[in-house]
Structures are given as C-alpha cells and as structure tokens.
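The file protein20.cif contains mmCIF, C-alpha atoms:
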```
data_structure
#
loop_
_atom_site.label_atom_id
_atom_site.label_comp_id
_atom_site.auth_asym_id
_atom_site.auth_seq_id
_atom_site.Cartn_x
_atom_site.Cartn_y
_atom_site.Cartn_z
CA MET A 808 86.71 131.34 17.90
CA LEU A 809 88.57 129.82 14.98
CA PHE A 810 91.87 130.83 16.53
CA TRP A 811 91.06 129.08 19.81
CA LEU A 812 89.98 125.90 18.07
CA GLU A 813 93.23 125.86 16.11
CA LEU A 814 95.17 126.46 19.31
CA LEU A 815 93.37 123.57 21.00
CA ALA A 816 94.05 121.27 18.04
CA SER A 817 97.70 122.34 17.94
CA SER A 818 98.23 121.64 21.63
CA LEU A 819 96.59 118.23 21.23
CA LEU A 820 98.92 117.51 18.31
CA VAL A 821 102.01 118.57 20.24
CA MET A 822 100.96 116.56 23.29
CA GLY A 823 100.36 113.50 21.12
CA GLY A 824 103.74 113.90 19.45
CA LEU A 825 105.48 114.23 22.82
CA PHE A 826 103.78 111.11 24.18
CA ILE A 827 104.84 109.15 21.11
CA LEU A 828 108.40 110.42 21.53
CA ILE A 829 108.44 109.49 25.23
CA GLY A 830 107.13 106.04 24.36
CA ALA A 831 109.93 105.59 21.83
CA LEU A 832 112.47 106.91 24.32
CA GLY A 833 111.24 104.37 26.88
CA MET A 834 111.63 101.69 24.28
CA VAL A 835 115.32 102.51 23.95
CA LYS A 836 116.28 103.18 27.56
CA LEU A 837 114.22 100.83 29.78
CA PRO A 838 116.25 97.88 31.12
CA ASP A 839 114.44 94.71 30.01
CA PHE A 840 111.82 93.47 27.57
CA TYR A 841 108.95 93.44 30.07
CA THR A 842 109.44 97.05 31.12
CA ARG A 843 109.81 98.07 27.47
CA LEU A 844 106.41 96.51 26.84
CA HIS A 845 104.83 99.31 28.90
CA ALA A 846 106.07 102.12 26.68
CA PRO A 847 104.26 101.32 23.42
CA THR A 848 101.05 99.95 24.96
CA LYS A 849 100.39 103.11 26.92
CA ALA A 850 102.31 106.17 25.83
CA THR A 851 101.98 105.44 22.13
CA THR A 852 98.28 104.58 22.30
CA LEU A 853 97.42 107.83 24.05
CA GLY A 854 99.74 109.77 21.75
CA ILE A 855 98.03 108.51 18.65
CA GLY A 856 94.63 109.05 20.32
CA CYS A 857 95.49 112.75 20.80
CA ILE A 858 96.64 113.14 17.20
CA LEU A 859 93.55 111.43 15.82
CA VAL A 860 91.18 113.57 17.91
CA ALA A 861 92.98 116.71 16.75
CA SER A 862 92.79 115.54 13.16
CA MET A 863 89.06 114.95 13.53
CA GLY A 864 88.55 118.44 14.87
CA LEU A 865 90.62 120.03 12.11
CA HIS A 866 88.73 118.12 9.46
CA ALA A 867 85.41 119.28 10.84
CA LEU A 868 86.79 122.82 10.87
CA ARG A 869 87.94 122.75 7.25
CA SER A 870 85.15 120.98 5.46
CA ASP A 871 82.17 121.57 7.79
CA ALA A 872 81.46 117.85 7.60
CA LEU A 873 82.16 115.59 10.54
CA THR A 874 84.22 112.67 9.28
CA VAL A 875 84.74 109.96 11.79
CA HIS A 876 87.42 107.90 10.04
CA GLU A 877 89.87 108.78 12.78
CA LEU A 878 87.49 107.58 15.46
CA VAL A 879 87.34 104.17 13.78
CA ILE A 880 91.15 104.00 13.64
CA SER A 881 91.61 105.00 17.28
CA LEU A 882 88.88 102.62 18.45
CA PHE A 883 90.60 99.83 16.54
CA LEU A 884 93.98 100.69 18.05
CA PHE A 885 92.57 100.88 21.58
CA ILE A 886 91.04 97.43 21.19
CA THR A 887 94.07 95.79 19.58
CA ALA A 888 96.91 97.34 21.63
CA PRO A 889 96.26 95.30 24.82
CA VAL A 890 95.68 92.14 22.80
CA SER A 891 99.00 92.35 20.97
CA ALA A 892 100.81 93.32 24.20
CA TYR A 893 99.34 90.24 25.88
CA MET A 894 100.36 87.95 23.03
CA VAL A 895 103.90 89.26 22.78
CA ALA A 896 104.35 89.09 26.58
CA LYS A 897 103.17 85.50 26.64
CA GLY A 898 105.49 84.58 23.80
CA ALA A 899 108.42 86.29 25.52
CA LEU A 900 107.81 84.33 28.72
CA GLN A 901 107.74 81.06 26.79
CA ARG A 902 111.09 82.00 25.33
CA ARG A 903 112.47 82.66 28.84
CA THR A 904 113.38 86.24 27.97
CA PRO A 905 115.40 87.40 31.00
CA PHE A 906 114.09 89.85 33.59
CA VAL A 907 116.09 92.77 34.90
CA GLU A 908 117.77 91.87 38.20
CA ASN A 909 115.64 93.86 40.65
CA THR A 910 112.31 92.49 39.38
CA LEU A 911 110.02 91.40 42.21
CA ASN A 912 108.68 87.82 42.32
CA GLN A 913 110.67 86.50 39.39
CA ASN A 914 109.90 82.98 40.61
CA LEU A 915 106.26 83.57 39.56
CA SER A 916 107.33 83.12 35.93
CA ARG A 917 107.66 79.38 36.64
CA ASP A 918 104.00 79.25 37.71
CA ILE A 919 102.95 81.31 34.71
CA LEU A 920 104.66 78.91 32.32
CA ARG A 921 102.91 75.96 33.93
CA ARG A 922 99.65 77.96 34.04
CA GLN A 923 99.10 77.01 37.68
CA ALA A 924 98.18 78.93 40.83
CA PRO A 925 101.10 80.84 42.38
CA GLY A 926 103.33 78.79 44.66
CA SER A 927 101.55 75.47 44.05
CA GLN A 928 103.72 72.38 44.01
CA ASP A 929 104.31 71.03 40.53
CA LYS A 930 103.00 67.54 40.12
CA HIS A 931 105.58 66.22 37.71
CA GLY A 932 108.60 67.08 39.83
CA SER A 933 111.24 69.50 38.63
CA MET B 35 60.66 85.35 13.30
CA LEU B 36 62.29 88.60 14.34
CA LYS B 37 65.02 86.55 16.00
CA ARG B 38 65.64 84.70 12.73
CA LEU B 39 65.82 87.91 10.73
CA PHE B 40 68.12 89.69 13.21
CA PRO B 41 70.14 87.08 15.07
CA MET B 42 72.49 89.77 16.44
CA PRO B 43 70.50 93.03 16.67
CA LEU B 44 73.23 95.08 18.37
CA HIS B 45 75.83 93.95 15.85
CA SER B 46 73.50 94.85 12.98
CA LEU B 47 73.14 98.36 14.36
CA ILE B 48 76.91 98.75 14.82
CA LEU B 49 77.57 97.47 11.30
CA VAL B 50 75.17 100.03 9.79
CA LEU B 51 76.74 102.82 11.86
CA VAL B 52 80.32 101.86 10.95
CA TRP B 53 79.39 101.59 7.28
CA LEU B 54 77.95 105.11 7.38
CA LEU B 55 81.01 106.39 9.26
CA LEU B 56 83.40 104.93 6.71
CA ASN B 57 81.48 106.38 3.74
CA GLN B 58 79.87 109.74 3.14
CA PHE B 59 76.28 109.68 4.30
CA SER B 60 73.77 109.21 1.49
CA ALA B 61 70.52 107.33 0.91
CA GLY B 62 72.30 104.72 -1.21
CA HIS B 63 74.89 104.01 1.45
CA LEU B 64 72.16 103.81 4.09
CA VAL B 65 70.36 101.09 2.10
CA LEU B 66 73.61 99.24 1.40
CA GLY B 67 74.61 99.51 5.06
CA ILE B 68 71.27 98.11 6.23
CA LEU B 69 71.56 95.24 3.74
CA LEU B 70 75.04 94.42 5.03
CA GLY B 71 73.88 94.84 8.63
CA ILE B 72 71.25 92.15 8.02
CA ALA B 73 73.32 89.82 5.84
CA ILE B 74 76.58 89.67 7.83
CA PRO B 75 74.97 88.51 11.13
CA TRP B 76 73.28 85.65 9.20
CA VAL B 77 76.71 84.36 8.33
CA ALA B 78 78.36 85.30 11.63
CA ALA B 79 75.72 84.24 14.20
CA PRO B 80 76.42 80.47 13.98
CA LEU B 81 80.10 81.19 14.66
CA SER B 82 79.62 82.99 17.99
CA ASP B 83 79.84 81.31 21.38
CA PRO B 84 77.39 81.88 24.20
CA HIS B 85 78.93 84.50 26.51
CA ALA B 86 78.06 86.79 29.39
CA ARG B 87 76.00 89.80 28.43
CA VAL B 88 76.20 93.36 29.67
CA ARG B 89 73.41 93.60 32.23
CA LYS B 90 73.85 97.21 33.21
CA PRO B 91 74.56 99.41 30.16
CA TRP B 92 74.57 102.62 32.19
CA ARG B 93 77.16 101.25 34.63
CA ALA B 94 79.19 100.04 31.62
CA THR B 95 79.23 103.55 30.14
CA ARG B 96 80.46 104.96 33.45
CA TYR B 97 83.13 102.25 33.60
CA LEU B 98 84.27 103.13 30.06
CA LEU B 99 84.60 106.83 30.95
CA MET B 100 86.50 106.00 34.15
CA VAL B 101 88.92 103.80 32.20
CA LEU B 102 89.45 106.57 29.62
CA GLY B 103 90.29 108.97 32.45
CA ASP B 104 92.64 106.41 33.99
CA ILE B 105 94.40 105.92 30.66
CA VAL B 106 95.21 109.63 30.50
CA VAL B 107 96.40 109.78 34.13
CA SER B 108 98.41 106.57 33.81
CA ASN B 109 100.16 107.92 30.75
CA PHE B 110 101.49 110.90 32.66
CA GLU B 111 102.69 108.54 35.40
CA VAL B 112 104.41 106.19 32.97
CA ALA B 113 105.93 109.12 31.07
CA ALA B 114 107.36 110.50 34.32
CA ARG B 115 108.83 107.10 35.19
CA ILE B 116 110.39 106.72 31.75
CA LEU B 117 112.04 110.11 31.99
CA ARG B 118 113.56 109.34 35.41
CA SER B 119 116.61 107.15 35.79
CA ASN B 120 116.23 103.38 35.53
CA ARG B 121 117.53 102.89 39.07
CA HIS B 122 114.25 104.20 40.52
CA LEU B 123 112.28 101.44 38.84
CA ARG B 124 111.15 98.40 40.74
CA PRO B 125 109.35 96.25 38.17
CA GLY B 126 107.64 93.08 39.35
CA LEU B 127 105.40 90.16 38.55
CA LEU B 128 102.15 89.99 40.50
CA ALA B 129 99.47 87.34 40.86
CA VAL B 130 95.94 88.71 41.18
CA PRO B 131 93.30 86.33 42.60
CA LEU B 132 90.13 86.53 40.50
CA ASP B 133 86.49 86.45 41.59
CA LEU B 134 85.26 87.30 38.10
CA THR B 135 84.30 84.41 35.82
CA GLY B 136 83.54 84.00 32.11
CA HIS B 137 85.70 84.59 29.09
CA LEU B 138 84.30 87.94 27.98
CA PRO B 139 84.44 89.65 31.43
CA LEU B 140 87.95 88.29 32.00
CA SER B 141 89.26 89.50 28.66
CA VAL B 142 87.72 92.94 29.31
CA LEU B 143 89.51 92.99 32.69
CA ALA B 144 92.82 91.90 31.16
CA SER B 145 92.58 94.57 28.43
CA THR B 146 91.72 97.25 30.98
CA ILE B 147 94.72 96.30 33.08
CA SER B 148 96.98 96.45 30.04
CA LEU B 149 95.77 99.94 29.13
CA THR B 150 95.97 101.50 32.62
CA PRO B 151 98.63 102.49 35.20
CA GLY B 152 101.94 100.75 34.66
CA THR B 153 100.55 97.22 34.42
CA VAL B 154 100.35 94.67 31.58
CA SER B 155 98.49 91.38 31.92
CA VAL B 156 100.68 88.43 30.98
CA ASP B 157 98.68 85.24 31.43
CA PHE B 158 95.91 83.43 33.29
CA SER B 159 96.34 80.24 35.28
CA ALA B 160 94.68 77.26 33.56
CA ASP B 161 91.74 77.24 36.00
CA MET B 162 91.13 81.00 35.36
CA LYS B 163 91.42 81.78 39.07
CA TRP B 164 94.63 83.82 38.87
CA LEU B 165 95.68 86.62 36.56
CA TYR B 166 99.40 87.27 36.26
CA ILE B 167 100.45 90.83 35.55
CA HIS B 168 103.72 92.66 35.08
CA ALA B 169 103.98 96.05 36.75
CA LEU B 170 106.43 98.74 35.69
CA HIS B 171 106.86 99.93 39.26
CA VAL B 172 105.65 98.28 42.47
CA ASP B 173 105.59 100.33 45.67
CA ASP B 174 103.37 98.03 47.67
CA GLU B 175 102.34 94.68 46.24
CA ALA B 176 99.18 94.19 48.32
CA GLN B 177 98.00 97.72 47.60
CA THR B 178 98.45 97.37 43.82
CA ILE B 179 96.45 94.14 43.79
CA ALA B 180 93.73 95.59 46.03
CA ARG B 181 93.43 98.62 43.76
CA ILE B 182 92.92 96.45 40.69
CA LYS B 183 90.33 94.34 42.43
CA GLN B 184 88.41 97.25 43.83
CA ARG B 185 88.67 99.70 40.94
CA TYR B 186 88.26 97.40 37.92
CA GLU B 187 87.08 93.97 38.97
CA ALA B 188 84.23 95.05 41.27
CA PRO B 189 82.47 97.23 38.63
CA LEU B 190 82.90 94.50 36.00
CA ARG B 191 81.26 91.97 38.30
CA GLU B 192 78.39 94.38 38.69
CA ILE B 193 78.13 95.01 34.93
CA PHE B 194 78.14 91.35 33.89
CA GLN B 195 76.40 90.14 37.06
CA CYS B 196 78.79 87.27 37.66
CA MET C 1023 100.45 128.54 12.46
CA LEU C 1024 98.87 125.17 12.04
CA ASP C 1025 101.15 124.14 9.20
CA THR C 1026 104.22 124.90 11.30
CA VAL C 1027 102.82 122.86 14.19
CA LEU C 1028 102.03 119.97 11.86
CA LEU C 1029 105.56 119.96 10.47
CA MET C 1030 107.03 120.18 13.97
CA VAL C 1031 104.98 117.26 15.25
CA SER C 1032 105.90 115.28 12.11
CA VAL C 1033 109.56 115.81 12.98
CA ILE C 1034 108.93 114.65 16.56
CA VAL C 1035 107.16 111.51 15.32
CA GLY C 1036 109.97 110.94 12.81
CA LEU C 1037 112.46 111.09 15.67
CA ALA C 1038 110.36 108.51 17.54
CA LEU C 1039 110.49 106.27 14.46
CA VAL C 1040 114.30 106.52 14.47
CA LEU C 1041 114.39 105.55 18.16
CA ASN C 1042 112.12 102.57 17.46
CA SER C 1043 114.39 101.51 14.62
CA ILE C 1044 117.35 101.57 17.01
CA ARG C 1045 115.53 99.07 19.22
CA LEU C 1046 114.62 97.03 16.15
CA LEU C 1047 118.25 96.79 15.07
CA ARG C 1048 119.74 96.31 18.53
CA GLY C 1049 117.35 93.63 19.73
CA PRO C 1050 118.70 91.93 21.82
CA SER C 1051 115.90 89.31 21.86
CA THR C 1052 113.28 88.41 19.24
CA PRO C 1053 110.36 89.69 21.40
CA ASP C 1054 112.12 93.05 21.55
CA ARG C 1055 112.25 93.25 17.77
CA ILE C 1056 108.60 92.28 17.45
CA LEU C 1057 107.67 94.94 19.99
CA ALA C 1058 109.72 97.47 18.03
CA LEU C 1059 107.92 96.55 14.79
CA ASP C 1060 104.56 96.86 16.56
CA THR C 1061 105.41 100.34 17.82
CA LEU C 1062 106.85 101.26 14.44
CA TYR C 1063 103.58 100.58 12.64
CA ILE C 1064 101.52 102.48 15.21
CA ASN C 1065 103.83 105.48 14.93
CA SER C 1066 103.74 105.36 11.16
CA ILE C 1067 99.94 105.65 11.37
CA ALA C 1068 100.45 108.85 13.35
CA LEU C 1069 102.88 110.15 10.72
CA ILE C 1070 100.51 109.34 7.85
CA VAL C 1071 97.60 111.09 9.58
CA LEU C 1072 99.80 114.14 10.15
CA LEU C 1073 100.83 114.21 6.50
CA GLY C 1074 97.19 113.83 5.48
CA LEU C 1075 96.36 116.93 7.55
CA TYR C 1076 99.31 118.83 6.12
CA PHE C 1077 98.41 118.11 2.51
CA GLY C 1078 94.68 118.35 3.21
CA SER C 1079 93.84 115.06 1.50
CA ASP C 1080 91.37 112.40 2.59
CA MET C 1081 93.20 109.60 0.85
CA TYR C 1082 95.71 109.23 3.66
CA PHE C 1083 93.10 107.96 6.09
CA GLU C 1084 92.33 104.95 3.98
CA SER C 1085 95.97 103.93 4.09
CA ALA C 1086 96.15 104.62 7.85
CA LEU C 1087 93.17 102.32 8.36
CA LEU C 1088 94.77 99.63 6.20
CA ILE C 1089 98.06 99.85 8.10
CA ALA C 1090 96.20 99.63 11.42
CA MET C 1091 94.50 96.40 10.39
CA LEU C 1092 97.46 94.75 8.65
CA GLY C 1093 99.78 95.79 11.50
CA PHE C 1094 97.64 94.08 14.11
CA VAL C 1095 97.38 90.91 12.07
CA SER C 1096 101.13 90.77 11.48
CA THR C 1097 101.88 91.35 15.18
CA ALA C 1098 99.49 88.50 15.98
CA ALA C 1099 101.25 86.25 13.47
CA LEU C 1100 104.68 87.14 14.86
CA ALA C 1101 103.50 86.53 18.45
CA LYS C 1102 102.25 83.15 17.35
CA TYR C 1103 105.68 82.46 15.91
CA LEU C 1104 107.16 83.33 19.31
CA LEU C 1105 104.82 80.94 21.08
CA ARG C 1106 105.12 78.00 18.74
CA GLY C 1107 108.25 78.57 16.67
CA ASP C 1108 106.10 78.28 13.57
CA ILE C 1109 103.33 80.33 11.98
CA ILE C 1110 101.42 77.69 10.06
CA GLU C 1111 101.22 74.35 11.78
#
```

Taking this structure as input, can you express it in the form of structure tokens?
Amino acid sequence: MLFWLELLASSLLVMGGLFILIGALGMVKLPDFYTRLHAPTKATTLGIGCILVASMGLHALRSDALTVHELVISLFLFITAPVSAYMVAKGALQRRTPFVENTLNQNLSRDILRRQAPGSQDKHGS
Amino acid sequence: MLKRLFPMPLHSLILVLVWLLLNQFSAGHLVLGILLGIAIPWVAAPLSDPHARVRKPWRATRYLLMVLGDIVVSNFEVAARILRSNRHLRPGLLAVPLDLTGHLPLSVLASTISLTPGTVSVDFSADMKWLYIHALHVDDEAQTIARIKQRYEAPLREIFQC
Amino acid sequence: MLDTVLLMVSVIVGLALVLNSIRLLRGPSTPDRILALDTLYINSIALIVLLGLYFGSDMYFESALLIAMLGFVSTAALAKYLLRGDIIE
C-alpha cells in the first residue's frame, strides 16, 4: 500500500517536473512574445499543480495529518496565472511588440488597441 | 440584524476555513478564525461592488471540474506543440463575439480561456461585446470560436443567468 | 526511492530555471523579460516545495506562500509599468 502511494506521488512529481521543463523549453524556442505567453500560463501552472498535489499526499503519508498549505498555494496560482498573463499581454500590445510573420489576423491588433469591435471604421481617421 | 452581523456570509465561511487550513486545527484557532471571519467582512463589505451571483451552484461545480479536466488535456496538447518544430505553428488573433454580460462572468470566462487549450485572452472591446484572444495554433478560425462559445460561454450564461 | 526522485525532479526544475534565465537575459523585448521573471518565480516555488519535501521541514511552505503572493504583486506592478511607462502616477 505504502509502496504504491509512493509510486503514485513519484510519478506525479516527475510529470510535474517534465511539464515545468517543457514550459521553460517553450519559453526559449517559441518564435514571438505572444506564443511564448502560452508556455508559462499553461505548462508551468499544471506542472506546479502536480508537484503540490504530490507534496500534499507525501505530507499526509509522513505525519498522518492532512496539511492543506499546498492547496492554498495552488489555488492562488491558478487564480493569478490568467490575470498576470492578461495584464502582460495587454501591456505587450500597447508596446507594439511584433508578431511572428505567419500570425493570422494581425490587423486585429489595431482594433484591440482602440478597444473597438473588429473591422469597425475608426472615427478619428488614421 | 443577521445581515448587519454577516454582510458577506460566504466570505466569512471561506475566511474561517482558510484560517484553519493555514494553521493547525485547535479550539483557539477556531475562535480566532471565527472572530476574523466576522470582523473582516465588516471592513470589506462597503468596498465591494454589486455583481452577478452564482445562481446554480451545482452547475458551477460541474463547470469547475470540466475546466480542470480541460486544463490537463490542453497541457498535453500545448506540450506536444512546443516539442514540435516552430514551422508547424500557425498562431493567430481571434475576435470572439460575446453574449455574456457583467464583469464577474466575463472575467471568469477570460480566465478560463487563458487556462485552457492554446488560447490566452488579450483584451475586451470597450463596449464589452468582443473578446480578443491569441491562439497558439489555429486550424479553423470559426471552429475555435464556436468551441469557446459552446463549451465555456453557454454554461457560464446558465450559471449566472445572464 | 523517494529521495532519489525528489533530487531528480529538483534537477529538472533547476534546468527549467536556467532556461528561463536565458530568456530573461536575451529578451529581446521588455514584455519577454517580465514573462521570464513571472515564470522564474513560479518555478522557484516548485523548487522550494521540492526542497521542503526532501528535508522534511514545514518551514519551506511559508516561504513558498510568501513568494507566490509577492510574485503576483510584482508581476502586476511590472505589467502596469508596461501599460503606462510608470508605476506610481
């Protein structure tokens, strides 16, 4: 029983570590800022989720008391990750950070900056 | 009277629970947690705006579980895309028309989109009728938008009844 | 067995931290560096939790929690700097 629980925790840990590594790899190799944004918001969040769940299980195993510190941390990260991604993306657009060439609908960024509906004529003239 | 004593009943409950989670459970901490759970909402209640409430808690729970499942699946997808060569990627900006209204439901939708398959929400239009997202890989624009509307927006409209 | 796994995963996370630092140093744009810092703090939480498990001490969680909160606030402040070119107006 104990052996299987440890095995489960270990595989969760390894999976979490691999996800974090893949997220970091994506950060280095993806072509532009906007695609790089996807790596940390998803891969890293799940990676750390795995590690925290494993840590919770191991703690319960060792001390017979269920501590839920890790749950608080992962909840906090899951709530804040999309918020910070949104803020950084918005800031990057304001700064006119370039897109990679083959991005679809790049002209939409003009509408996003003006916060108008897609394709609507701008009133002030360009 | 009860409303004056507990202006935010759900928040009080959550505060007590979190206090007990952060400390070892004991009678003293329970009392302290309850005191904090009553006192903090007194200070915080005047600061909060009126917002849409969750009308269907059961549906909300199911939505939460579905999103958790999607997060796991989407991570495998994104990981596979990262490991393949960059030439296969076709990133794109998309504009999603919104039927959902209200600040809380919209921010829940935007956060969900950021956490799930290859999409990050970037901004809203000023009239809150369009959500702009960036997708890591777009196969079919119309299909991606339809999926978001049907899989995430429809249940949220049901949950918040708006 | 578990200790070996913990050390192994720590090495993997350490490698991820190195990769993030490469992005932090290379840029090329300011948003890229902010993103790298954001990922760096999240990954360091993972490393601290792993070390806490390895050494069997509870103290590490407190610091992980602190880093989680401070990290989010600093990312928010940096994003605000991106948007406005200033943090305090």

Show me, as a PDB file with C-alpha atoms, in the frame of the given file, every residue of chain A with an atom at most 9 Å from chain B, counting only C-alpha atoms.
```
ATOM      1  CA  PHE A 826     103.780 111.110  24.180  1.00  0.00           C
ATOM      2  CA  ILE A 829     108.440 109.490  25.230  1.00  0.00           C
ATOM      3  CA  GLY A 830     107.130 106.040  24.360  1.00  0.00           C
ATOM      4  CA  LEU A 832     112.470 106.910  24.320  1.00  0.00           C
ATOM      5  CA  GLY A 833     111.240 104.370  26.880  1.00  0.00           C
ATOM      6  CA  LYS A 836     116.280 103.180  27.560  1.00  0.00           C
ATOM      7  CA  LEU A 837     114.220 100.830  29.780  1.00  0.00           C
ATOM      8  CA  PRO A 838     116.250  97.880  31.120  1.00  0.00           C
ATOM      9  CA  TYR A 841     108.950  93.440  30.070  1.00  0.00           C
ATOM     10  CA  THR A 842     109.440  97.050  31.120  1.00  0.00           C
ATOM     11  CA  ARG A 843     109.810  98.070  27.470  1.00  0.00           C
ATOM     12  CA  LEU A 844     106.410  96.510  26.840  1.00  0.00           C
ATOM     13  CA  HIS A 845     104.830  99.310  28.900  1.00  0.00           C
ATOM     14  CA  ALA A 846     106.070 102.120  26.680  1.00  0.00           C
ATOM     15  CA  THR A 848     101.050  99.950  24.960  1.00  0.00           C
ATOM     16  CA  LYS A 849     100.390 103.110  26.920  1.00  0.00           C
ATOM     17  CA  ALA A 850     102.310 106.170  25.830  1.00  0.00           C
ATOM     18  CA  THR A 852      98.280 104.580  22.300  1.00  0.00           C
ATOM     19  CA  LEU A 853      97.420 107.830  24.050  1.00  0.00           C
ATOM     20  CA  THR A 874      84.220 112.670   9.280  1.00  0.00           C
ATOM     21  CA  VAL A 875      84.740 109.960  11.790  1.00  0.00           C
ATOM     22  CA  HIS A 876      87.420 107.900  10.040  1.00  0.00           C
ATOM     23  CA  VAL A 879      87.340 104.170  13.780  1.00  0.00           C
ATOM     24  CA  PHE A 885      92.570 100.880  21.580  1.00  0.00           C
ATOM     25  CA  ILE A 886      91.040  97.430  21.190  1.00  0.00           C
ATOM     26  CA  ALA A 888      96.910  97.340  21.630  1.00  0.00           C
ATOM     27  CA  PRO A 889      96.260  95.300  24.820  1.00  0.00           C
ATOM     28  CA  VAL A 890      95.680  92.140  22.800  1.00  0.00           C
ATOM     29  CA  ALA A 892     100.810  93.320  24.200  1.00  0.00           C
ATOM     30  CA  TYR A 893      99.340  90.240  25.880  1.00  0.00           C
ATOM     31  CA  MET A 894     100.360  87.950  23.030  1.00  0.00           C
ATOM     32  CA  VAL A 895     103.900  89.260  22.780  1.00  0.00           C
ATOM     33  CA  ALA A 896     104.350  89.090  26.580  1.00  0.00           C
ATOM     34  CA  LYS A 897     103.170  85.500  26.640  1.00  0.00           C
ATOM     35  CA  LEU A 900     107.810  84.330  28.720  1.00  0.00           C
ATOM     36  CA  VAL A 907     116.090  92.770  34.900  1.00  0.00           C
ATOM     37  CA  ASN A 909     115.640  93.860  40.650  1.00  0.00           C
ATOM     38  CA  THR A 910     112.310  92.490  39.380  1.00  0.00           C
ATOM     39  CA  LEU A 911     110.020  91.400  42.210  1.00  0.00           C
ATOM     40  CA  ASN A 912     108.680  87.820  42.320  1.00  0.00           C
ATOM     41  CA  GLN A 913     110.670  86.500  39.390  1.00  0.00           C
ATOM     42  CA  ASN A 914     109.900  82.980  40.610  1.00  0.00           C
ATOM     43  CA  LEU A 915     106.260  83.570  39.560  1.00  0.00           C
ATOM     44  CA  SER A 916     107.330  83.120  35.930  1.00  0.00           C
ATOM     45  CA  ASP A 918     104.000  79.250  37.710  1.00  0.00           C
ATOM     46  CA  ILE A 919     102.950  81.310  34.710  1.00  0.00           C
ATOM     47  CA  LEU A 920     104.660  78.910  32.320  1.00  0.00           C
ATOM     48  CA  ARG A 921     102.910  75.960  33.930  1.00  0.00           C
ATOM     49  CA  ARG A 922      99.650  77.960  34.040  1.00  0.00           C
ATOM     50  CA  GLN A 923      99.100  77.010  37.680  1.00  0.00           C
ATOM     51  CA  ALA A 924      98.180  78.930  40.830  1.00  0.00           C
ATOM     52  CA  PRO A 925     101.100  80.840  42.380  1.00  0.00           C
TER      53      PRO A 925
END
```

For the structure shown, which residues end up in the PyMOL selection byres ((chain A) within 6 of (chain C))? Put them as a compact mmCIF listing (two decimals) with C-alpha atoms, keeping the file's coordinate frame, please?
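Wrote it out as expr-v4.txt, contents follow:
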```txt
# COMPACT_ATOMS: atom_id res chain seq x y z
CA VAL A 821 102.01 118.57 20.24
CA GLY A 824 103.74 113.90 19.45
CA LEU A 828 108.40 110.42 21.53
CA ALA A 831 109.93 105.59 21.83
CA VAL A 835 115.32 102.51 23.95
CA PRO A 847 104.26 101.32 23.42
CA ILE A 855 98.03 108.51 18.65
CA ILE A 880 91.15 104.00 13.64
CA MET A 894 100.36 87.95 23.03
CA VAL A 895 103.90 89.26 22.78
CA GLY A 898 105.49 84.58 23.80
CA ALA A 899 108.42 86.29 25.52
```

Practice problem: Could you state which residues are captured by the PyMOL selection byres ((chain B and resi 180-187) around 9) in this file, as a list in words? | Solution: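 Selected by the PyMOL selection byres ((chain B and resi 180-187) around 9) here: Tyr97, Val101, Val130, Pro131, Leu132, Asp133, Leu134, Leu143, Thr146, Ile147, Glu175, Ala176, Gln177, Thr178, Ile179, Ala188, Pro189, Leu190, Arg191 and Glu192 of chain B.
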
Quiz item: What separation in Å, quoted to one decimal, exists between atom CA of C:Phe1077 and atom CA of A:Ser862?
Solution: 12.3 Å

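Separating atom CA of A:Met834 from atom CA of A:Leu820 is a distance of 21.2 Å.
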
Quiz item: Written as number ranges by chain, what is the full residue list that the PyMOL selection byres ((chain B and resi 85) around 8) yields on the file shown?
Solution: B: 83-84, 86-87, 136-138

Quiz item: What gap, in Å, lies between atom CA of A:Arg869 and atom CA of B:Ile48?
Solution: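 A separation of 27.5 Å between them.
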